[in-house]
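run34.tsv follows; it contains TSV, C-alpha atoms.
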```tsv
chain	number	residue	atom	x	y	z
A	1	PRO	CA	116.10	102.11	95.55
A	2	ARG	CA	113.41	100.24	97.49
A	3	ASP	CA	114.72	101.32	100.90
A	4	GLN	CA	114.52	105.01	99.88
A	5	ARG	CA	110.97	104.96	98.54
A	6	PRO	CA	108.25	106.63	100.61
A	7	THR	CA	105.57	104.24	101.79
A	8	PRO	CA	101.99	104.60	100.50
A	9	ALA	CA	100.97	105.88	103.94
A	10	GLN	CA	103.65	108.59	103.77
A	11	LEU	CA	102.52	109.61	100.28
A	12	VAL	CA	98.90	109.83	101.44
A	13	ALA	CA	99.90	111.97	104.43
A	14	THR	CA	101.94	114.31	102.20
A	15	ALA	CA	99.05	114.67	99.75
A	16	ARG	CA	96.60	115.40	102.57
A	17	ARG	CA	98.83	118.21	103.84
A	18	LYS	CA	99.00	119.71	100.33
A	19	ILE	CA	95.20	119.58	100.00
A	20	ASP	CA	94.74	121.24	103.39
A	21	ALA	CA	97.26	123.96	102.53
A	22	ASP	CA	95.62	124.89	99.21
A	23	SER	CA	92.69	127.12	100.13
A	24	ALA	CA	92.01	127.92	96.47
A	25	MET	CA	91.48	124.31	95.41
A	26	ALA	CA	88.06	123.67	93.90
A	27	ASP	CA	85.82	121.29	95.83
A	28	THR	CA	85.37	119.06	92.77
A	29	LEU	CA	89.12	118.51	92.49
A	30	LYS	CA	89.41	118.07	96.25
A	31	ALA	CA	86.69	115.39	96.16
A	32	ASP	CA	88.49	113.50	93.40
A	33	LEU	CA	91.81	113.63	95.25
A	34	LEU	CA	90.31	112.52	98.55
A	35	ALA	CA	88.68	109.55	96.80
A	36	VAL	CA	91.99	108.59	95.16
A	37	LEU	CA	93.80	108.79	98.51
A	38	ALA	CA	91.08	106.66	100.10
A	39	GLU	CA	91.52	104.07	97.35
A	40	VAL	CA	95.29	103.98	97.92
A	41	SER	CA	94.75	103.64	101.67
A	42	LEU	CA	92.35	100.74	101.19
A	43	ALA	CA	94.80	99.00	98.88
A	44	ASN	CA	97.33	99.15	101.70
A	45	ASP	CA	94.90	98.06	104.45
A	46	ASP	CA	94.72	101.52	106.06
A	47	THR	CA	90.95	101.23	106.42
A	48	ALA	CA	90.57	103.78	109.21
A	49	VAL	CA	92.45	106.42	107.17
A	50	ALA	CA	90.36	105.59	104.10
A	51	LEU	CA	87.09	106.08	105.98
A	52	GLU	CA	88.33	109.39	107.42
A	53	LEU	CA	89.15	110.60	103.89
A	54	LEU	CA	85.74	109.50	102.62
A	55	ASP	CA	84.06	111.36	105.50
A	56	ARG	CA	85.95	114.50	104.46
A	57	GLU	CA	84.80	114.04	100.86
A	58	ARG	CA	81.18	113.56	101.97
A	59	ALA	CA	81.37	116.77	104.05
A	60	LEU	CA	82.28	118.95	101.03
A	61	PRO	CA	79.46	121.38	100.09
A	62	THR	CA	79.36	120.17	96.48
A	63	PHE	CA	79.09	116.46	97.34
A	64	ALA	CA	75.32	116.42	97.90
A	65	SER	CA	74.69	118.00	94.48
A	66	ASP	CA	76.98	115.58	92.62
A	67	PRO	CA	75.20	114.04	89.59
A	68	GLY	CA	75.87	110.52	90.81
A	69	ILE	CA	79.14	108.97	89.72
A	70	ASP	CA	81.23	110.46	92.54
A	71	ARG	CA	78.67	109.43	95.15
A	72	LEU	CA	78.56	105.95	93.60
A	73	TRP	CA	82.36	105.69	93.71
A	74	GLU	CA	82.38	106.89	97.32
A	75	ALA	CA	79.82	104.20	98.20
A	76	GLY	CA	81.93	101.61	96.38
A	77	LEU	CA	84.98	102.56	98.42
A	78	ARG	CA	82.95	102.35	101.62
A	79	ALA	CA	81.81	98.90	100.53
A	80	ASP	CA	85.44	97.89	99.99
A	81	ALA	CA	86.24	99.20	103.48
A	82	ALA	CA	83.37	97.12	104.90
A	83	ILE	CA	84.83	93.96	103.35
A	84	LYS	CA	88.26	94.72	104.78
A	85	SER	CA	86.66	95.33	108.19
A	86	ASP	CA	84.92	91.93	108.20
A	87	GLN	CA	81.54	93.54	107.50
A	88	ALA	CA	80.88	92.21	104.00
A	89	GLU	CA	77.18	91.85	104.83
A	90	LYS	CA	76.91	95.67	104.57
A	91	VAL	CA	78.02	95.81	100.92
A	92	GLU	CA	74.62	95.27	99.31
A	93	ALA	CA	72.96	97.90	101.52
A	94	LEU	CA	75.66	100.45	100.66
A	95	LEU	CA	75.32	99.90	96.91
A	96	ALA	CA	71.56	99.29	96.64
A	97	PRO	CA	70.66	103.02	96.29
A	98	PHE	CA	72.80	103.19	93.14
A	99	GLU	CA	71.22	100.38	91.08
A	100	ALA	CA	69.92	102.80	88.44
A	101	GLU	CA	73.23	104.67	88.30
A	102	ILE	CA	75.14	101.41	87.84
A	103	ALA	CA	72.77	100.25	85.09
A	104	ARG	CA	72.94	103.43	83.00
A	105	ARG	CA	76.60	104.40	83.21
A	106	ASN	CA	79.51	103.01	81.21
A	107	ASP	CA	82.41	104.16	83.34
A	108	PRO	CA	85.52	102.38	84.66
A	109	ARG	CA	84.47	103.26	88.20
A	110	VAL	CA	81.22	101.35	87.73
A	111	ILE	CA	83.28	98.30	86.78
A	112	GLY	CA	85.27	98.73	90.00
A	113	VAL	CA	82.08	98.98	92.06
A	114	LEU	CA	80.73	95.78	90.46
A	115	GLU	CA	84.01	94.02	91.35
A	116	THR	CA	83.54	95.09	94.99
A	117	ARG	CA	79.98	93.77	94.87
A	118	VAL	CA	81.21	90.39	93.61
A	119	GLU	CA	83.73	90.24	96.45
A	120	GLY	CA	81.05	91.12	99.01
A	121	LEU	CA	78.68	88.43	97.72
A	122	MET	CA	81.47	85.84	97.72
A	123	SER	CA	82.43	86.79	101.28
A	124	THR	CA	78.85	86.09	102.40
A	125	THR	CA	78.71	82.83	100.35
A	126	ARG	CA	76.01	84.14	98.00
A	127	HIS	CA	77.70	82.32	95.14
A	128	PRO	CA	75.03	82.34	92.41
A	129	GLU	CA	74.49	86.09	92.80
A	130	ALA	CA	78.26	86.70	92.78
A	131	LEU	CA	78.65	84.79	89.51
A	132	ARG	CA	75.71	86.66	87.95
A	133	ILE	CA	77.27	90.04	88.78
A	134	ALA	CA	80.71	88.84	87.59
A	135	GLU	CA	79.22	87.87	84.23
A	136	GLN	CA	77.42	91.22	83.94
A	137	LEU	CA	80.73	92.96	84.72
A	138	ALA	CA	82.59	91.02	82.01
A	139	GLN	CA	79.89	91.80	79.43
A	140	ARG	CA	80.28	95.53	80.08
A	141	VAL	CA	84.06	95.59	79.64
A	142	PRO	CA	84.04	96.20	75.85
A	143	GLN	CA	82.00	99.37	76.40
A	144	VAL	CA	84.71	100.93	78.58
A	145	THR	CA	87.89	99.22	77.32
A	146	PRO	CA	89.71	102.37	76.07
A	147	ALA	CA	89.35	103.95	79.51
A	148	LEU	CA	90.30	100.77	81.35
A	149	GLY	CA	93.53	99.97	79.53
A	150	PRO	CA	94.55	96.52	78.27
A	151	ALA	CA	95.55	94.97	81.60
A	152	ASP	CA	92.35	95.92	83.42
A	153	ALA	CA	90.27	94.88	80.41
A	154	ILE	CA	91.79	91.37	80.53
A	155	TYR	CA	91.37	91.14	84.30
A	156	TYR	CA	87.73	92.19	84.33
A	157	THR	CA	86.88	89.98	81.36
A	158	ALA	CA	88.32	87.10	83.41
A	159	MET	CA	86.13	87.94	86.43
A	160	PRO	CA	83.69	85.04	85.84
A	161	GLY	CA	86.68	82.68	85.71
A	162	LEU	CA	88.10	84.09	88.93
A	163	THR	CA	84.70	83.77	90.60
A	164	ARG	CA	84.16	80.20	89.37
A	165	SER	CA	87.62	79.22	90.63
A	166	LEU	CA	86.83	80.57	94.10
A	167	GLN	CA	83.55	78.66	94.05
A	168	GLY	CA	85.31	75.40	93.17
A	169	ASP	CA	83.96	75.23	89.59
A	170	HIS	CA	87.44	74.58	88.20
A	171	ALA	CA	86.26	73.09	84.91
A	172	GLY	CA	84.26	76.24	84.19
A	173	ALA	CA	87.05	78.53	85.35
A	174	LEU	CA	90.00	76.98	83.55
A	175	PRO	CA	89.40	78.07	79.90
A	176	LEU	CA	88.61	81.65	80.98
A	177	LEU	CA	91.74	81.92	83.09
A	178	GLU	CA	93.99	80.26	80.50
A	179	SER	CA	92.73	82.72	77.88
A	180	ALA	CA	93.39	85.69	80.17
A	181	ILE	CA	96.98	84.63	80.94
A	182	ALA	CA	97.67	83.91	77.26
A	183	GLN	CA	96.43	87.40	76.28
A	184	TRP	CA	98.47	89.03	79.05
A	185	ARG	CA	101.68	87.33	77.95
A	186	ALA	CA	101.01	87.88	74.23
A	187	GLN	CA	100.62	91.63	74.82
A	188	GLY	CA	103.79	91.78	76.89
A	189	LEU	CA	102.02	93.42	79.82
A	190	PRO	CA	103.88	93.85	83.14
A	191	ARG	CA	103.69	90.84	85.42
A	192	ASP	CA	102.23	92.80	88.31
A	193	LEU	CA	99.90	91.99	91.19
A	194	VAL	CA	96.85	91.88	88.92
A	195	TYR	CA	98.62	89.31	86.76
A	196	THR	CA	99.41	87.25	89.86
A	197	SER	CA	95.72	87.26	90.86
A	198	ILE	CA	94.73	85.63	87.57
A	199	LEU	CA	97.71	83.26	87.63
A	200	SER	CA	96.96	82.19	91.20
A	201	ALA	CA	93.36	81.32	90.31
A	202	LEU	CA	94.65	79.40	87.28
A	203	ALA	CA	97.04	77.43	89.50
A	204	ILE	CA	94.27	76.57	91.95
A	205	SER	CA	91.92	75.42	89.19
A	206	ARG	CA	94.59	73.30	87.51
A	207	SER	CA	95.40	71.71	90.82
A	208	GLY	CA	91.71	71.15	91.53
A	209	LEU	CA	91.22	69.29	88.26
A	210	GLY	CA	94.28	67.08	88.01
A	211	ALA	CA	97.38	65.60	89.55
A	212	ALA	CA	98.92	67.23	92.58
A	213	ASP	CA	101.79	68.83	90.65
A	214	LEU	CA	99.48	70.67	88.24
A	215	GLY	CA	99.53	74.37	89.08
A	216	LEU	CA	102.82	74.24	90.98
A	217	ALA	CA	104.82	76.14	88.34
A	218	GLU	CA	102.20	78.91	88.25
A	219	LEU	CA	101.98	79.10	92.03
A	220	ASN	CA	105.77	79.29	92.38
A	221	GLU	CA	105.75	82.19	89.91
A	222	VAL	CA	102.99	83.92	91.89
A	223	LEU	CA	104.93	83.56	95.14
A	224	ALA	CA	108.19	84.81	93.60
A	225	LEU	CA	106.51	87.84	91.98
A	226	ARG	CA	104.65	88.82	95.12
A	227	ARG	CA	107.81	88.57	97.23
A	228	GLN	CA	109.55	90.79	94.68
A	229	ILE	CA	106.78	93.38	94.37
A	230	LEU	CA	105.58	93.61	97.98
A	231	SER	CA	108.10	95.04	100.41
A	232	GLY	CA	106.57	93.55	103.55
A	233	PRO	CA	103.60	91.64	105.01
A	234	HIS	CA	100.57	91.88	102.75
A	235	GLU	CA	97.28	90.05	102.28
A	236	MET	CA	98.27	88.93	98.77
A	237	LEU	CA	101.55	87.42	99.98
A	238	ILE	CA	99.73	85.64	102.82
A	239	SER	CA	97.27	84.21	100.29
A	240	ALA	CA	100.09	82.96	98.04
A	241	LEU	CA	101.85	81.28	100.96
A	242	ARG	CA	98.63	79.56	102.06
A	243	ASN	CA	97.93	78.32	98.53
A	244	HIS	CA	101.51	77.07	98.25
A	245	ALA	CA	101.10	75.18	101.53
A	246	VAL	CA	97.88	73.51	100.36
A	247	LEU	CA	99.53	72.36	97.11
A	248	MET	CA	102.59	71.06	98.97
A	249	ARG	CA	100.23	69.15	101.28
A	250	ARG	CA	98.59	67.50	98.29
A	251	GLN	CA	102.01	66.35	97.16
A	252	GLN	CA	102.75	65.05	100.69
A	253	LYS	CA	105.65	67.52	100.95
A	254	LEU	CA	104.67	68.28	104.50
A	255	PRO	CA	107.82	70.10	105.76
A	256	GLU	CA	107.59	72.55	102.83
A	257	ALA	CA	103.85	72.97	103.40
A	258	GLU	CA	104.35	73.62	107.10
A	259	GLN	CA	107.11	76.15	106.44
A	260	SER	CA	104.94	78.16	104.02
A	261	VAL	CA	101.84	78.18	106.19
A	262	ARG	CA	103.72	79.07	109.39
A	263	GLU	CA	105.19	82.07	107.56
A	264	ALA	CA	101.69	83.01	106.38
A	265	THR	CA	100.29	82.64	109.90
A	266	SER	CA	103.00	84.81	111.50
A	267	MET	CA	102.53	87.44	108.81
A	268	ALA	CA	98.73	87.49	109.15
A	269	GLU	CA	98.82	87.75	112.95
A	270	ALA	CA	101.37	90.58	112.79
A	271	LEU	CA	99.35	92.43	110.15
A	272	TYR	CA	95.80	91.97	111.45
A	273	GLY	CA	95.91	90.64	115.01
A	274	ARG	CA	95.28	87.11	116.22
A	275	ASP	CA	91.47	87.31	116.29
A	276	HIS	CA	91.06	88.71	112.75
A	277	ARG	CA	89.42	86.29	110.33
A	278	TYR	CA	92.39	86.44	107.93
A	279	ALA	CA	94.72	85.35	110.74
A	280	MET	CA	92.22	82.68	111.77
A	281	ALA	CA	92.06	81.37	108.19
A	282	ALA	CA	95.85	81.10	108.11
A	283	ARG	CA	95.86	79.08	111.35
A	284	ALA	CA	93.13	76.85	109.90
A	285	THR	CA	95.39	76.11	106.93
A	286	LEU	CA	98.18	75.26	109.39
A	287	ALA	CA	95.81	72.82	111.11
A	288	LEU	CA	94.97	71.31	107.71
A	289	VAL	CA	98.66	70.62	107.08
A	290	LEU	CA	99.39	69.32	110.59
A	291	GLY	CA	96.30	67.08	110.56
A	292	VAL	CA	97.68	64.81	107.82
A	293	ASN	CA	98.43	61.36	109.27
A	294	ALA	CA	102.02	61.39	108.03
A	295	SER	CA	102.82	64.61	109.88
A	296	GLY	CA	102.44	63.03	113.30
A	297	LYS	CA	101.12	66.39	114.56
A	298	ARG	CA	97.38	65.75	114.79
A	299	ASP	CA	97.23	66.82	118.44
A	300	GLU	CA	98.60	70.26	117.52
A	301	ALA	CA	96.07	70.48	114.67
A	302	ILE	CA	93.21	69.70	117.07
A	303	ALA	CA	94.48	72.28	119.57
A	304	ILE	CA	94.55	74.95	116.84
A	305	LEU	CA	91.02	74.10	115.69
A	306	ARG	CA	89.69	74.10	119.26
A	307	GLU	CA	91.15	77.58	119.74
A	308	LEU	CA	89.59	78.77	116.46
A	309	VAL	CA	86.17	77.45	117.46
A	310	ALA	CA	86.50	79.11	120.87
A	311	THR	CA	87.35	82.41	119.14
A	312	CYS	CA	84.28	82.06	116.93
A	313	HIS	CA	82.10	81.88	120.04
A	314	ARG	CA	84.03	84.47	122.07
A	315	VAL	CA	84.52	87.34	119.59
A	316	ALA	CA	81.38	89.20	118.56
A	317	GLU	CA	82.78	90.10	115.13
A	318	GLN	CA	83.08	86.39	114.27
A	319	GLN	CA	79.40	85.58	114.71
A	320	ASP	CA	78.78	85.99	110.96
A	321	ASN	CA	82.09	84.42	109.85
A	322	PRO	CA	81.44	81.54	107.41
A	323	GLY	CA	84.90	80.18	108.26
A	324	CYS	CA	83.56	79.18	111.68
A	325	VAL	CA	81.48	76.49	109.96
A	326	THR	CA	84.62	75.06	108.36
A	327	TYR	CA	86.66	75.19	111.59
A	328	GLN	CA	84.04	73.19	113.49
A	329	HIS	CA	83.65	70.74	110.62
A	330	ASN	CA	87.42	70.21	110.39
A	331	LEU	CA	87.64	69.77	114.16
A	332	GLY	CA	85.04	67.03	113.93
A	333	HIS	CA	87.01	65.34	111.15
A	334	GLN	CA	90.28	65.42	113.10
A	335	LEU	CA	88.59	64.10	116.26
A	336	SER	CA	87.03	61.30	114.20
A	337	GLN	CA	90.46	60.35	112.90
A	338	ARG	CA	91.56	60.11	116.53
A	339	ARG	CA	88.45	57.96	117.20
A	340	ASP	CA	87.10	60.47	119.71
A	341	PHE	CA	83.62	60.09	118.28
A	342	GLY	CA	81.65	61.79	121.06
A	343	ALA	CA	83.63	65.03	120.78
A	344	ALA	CA	83.59	64.74	116.98
A	345	SER	CA	79.80	64.47	116.94
A	346	ALA	CA	79.52	67.59	119.09
A	347	ALA	CA	81.81	69.49	116.69
A	348	PHE	CA	79.75	68.40	113.67
A	349	ASP	CA	76.55	69.45	115.46
A	350	GLY	CA	78.13	72.86	116.08
A	351	ALA	CA	79.13	73.21	112.42
A	352	GLU	CA	75.63	72.26	111.25
A	353	ALA	CA	73.92	74.69	113.64
A	354	TRP	CA	76.26	77.53	112.62
A	355	ALA	CA	75.64	76.81	108.92
A	356	ARG	CA	71.86	76.76	109.36
A	357	ARG	CA	71.97	80.07	111.24
A	358	LEU	CA	74.15	81.80	108.65
A	359	PHE	CA	72.89	80.30	105.41
A	360	GLY	CA	69.47	78.71	105.96
A	361	ASP	CA	68.42	75.07	105.92
A	362	GLU	CA	68.80	74.54	102.16
A	363	HIS	CA	72.37	75.83	101.74
A	364	PHE	CA	75.03	73.40	100.49
A	365	GLN	CA	77.15	73.99	103.60
A	366	VAL	CA	74.40	72.40	105.70
A	367	GLY	CA	74.54	69.35	103.44
A	368	VAL	CA	78.32	69.13	103.85
```
For the file at hand, write its structure as structure tokens.
Amino acid sequence: PRDQRPTPAQLVATARRKIDADSAMADTLKADLLAVLAEVSLANDDTAVALELLDRERALPTFASDPGIDRLWEAGLRADAAIKSDQAEKVEALLAPFEAEIARRNDPRVIGVLETRVEGLMSTTRHPEALRIAEQLAQRVPQVTPALGPADAIYYTAMPGLTRSLQGDHAGALPLLESAIAQWRAQGLPRDLVYTSILSALAISRSGLGAADLGLAELNEVLALRRQILSGPHEMLISALRNHAVLMRRQQKLPEAEQSVREATSMAEALYGRDHRYAMAARATLALVLGVNASGKRDEAIAILRELVATCHRVAEQQDNPGCVTYQHNLGHQLSQRRDFGAASAAFDGAEAWARRLFGDEHFQVGV
């Protein structure tokens, strides 16, 4: 029963005690187990625990003489931890020493490291590079398919589609994502969290290409599955609620949109803290919903966006947050709708300056 299951954190703690108690355990096995526990901890947002486990692995006498794959995997996990700690700009530096290792090895862990690299590049809006790595990743899948298993093989083959969807290239994403979901269902694979990641991207791309109701059935399935699988607040449930809110907004179902995004906002703030960029992104989605003319809540939307912009300037960790460009831009839009053109102009100037500083003068965000 769900209420009797140990949590991932409890399982990690139990495993750590067993490792510590086994003085005869070989260092190679200990290194593998510590890496697995770090991966589990990262999957459950226990970043501090994950980094502590990786430090223990790195301190093992045999780690320095490892032929490469374990050190590469350790660097990949550290890169994942950097992304979860709002330090995605560190990913390339962490993985750069392993370019040759990545190029020569056909190993499932290399595929996982490439996925982390795609996520890091997307988080720093380096979209062309992210798509290039995603396509390289997909091309390498057939070489490691037996070790990956059918579900992971489908997911990684769909990585260019997932990346294109995130970049807004919905026409390019749609056939890749439709093929992945069709294969998943045809093989009768479990409808797990990986399945929901592909289905969510498919819903977003369908919605982005057509009428407002396109993608709603898929997004409802994603939300239902994630509520069923995840026992409490989780990044993937927050993401599903935000996406549901955006689609409800497009359909002008504003009470339903507001309900979903307020749940997402409460969950994100409880999980990460109010000043974390995930919590800020949830509040920005709430402002997007409240800023619709028909809601009659534009003043609340403006207040939320003003607070977000203030946080961008106040909190050191937000100085490289691309979301701060969007928050200032959206604030300018809402102020324009209220015909407060002087304040709107100042907000747009702030968005432009932030975009130039983060991305350079030629980046598309500056043009927006």
- For Thr196 (chain A), which residue out of A:Ile111, A:Ile69, A:Leu223, A:Val315 is the nearest one, using only C-alpha atoms?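 With only C-alpha atoms as the atom set, the closest residue is A:Leu223.
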- How many Å lie between CA of Tyr156 (chain A) and CA of Val141 (chain A), rounded to one decimal? 6.9 Å
- What's the 12 Å shell around Ile102 (chain A), counting all atoms listed in the file, without same-chain residues fewer than 2 positions away, as number ranges by chain? A: 68-73, 75-76, 95-100, 104-114, 117, 133, 136-137, 140
- Query: Can you list, as a list in words, every protein, DNA or RNA residue that comes within 6 Å of region 46-61 of chain A when you count only C-alpha atoms, leaving out same-chain residues fewer than 4 positions away?
  - Reply: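 Neighbouring residues, sequence-local ones excluded: Ala31, Leu34, Ala38, Ser41, Leu42 and Ala81 of chain A.
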- Between A:His329, A:Arg17, A:Arg262, A:Arg339, which has the minimum distance to Val366 (chain A) (counting all atoms listed in the file)?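 Selected residue with least distance to Val366 (chain A): A:His329.
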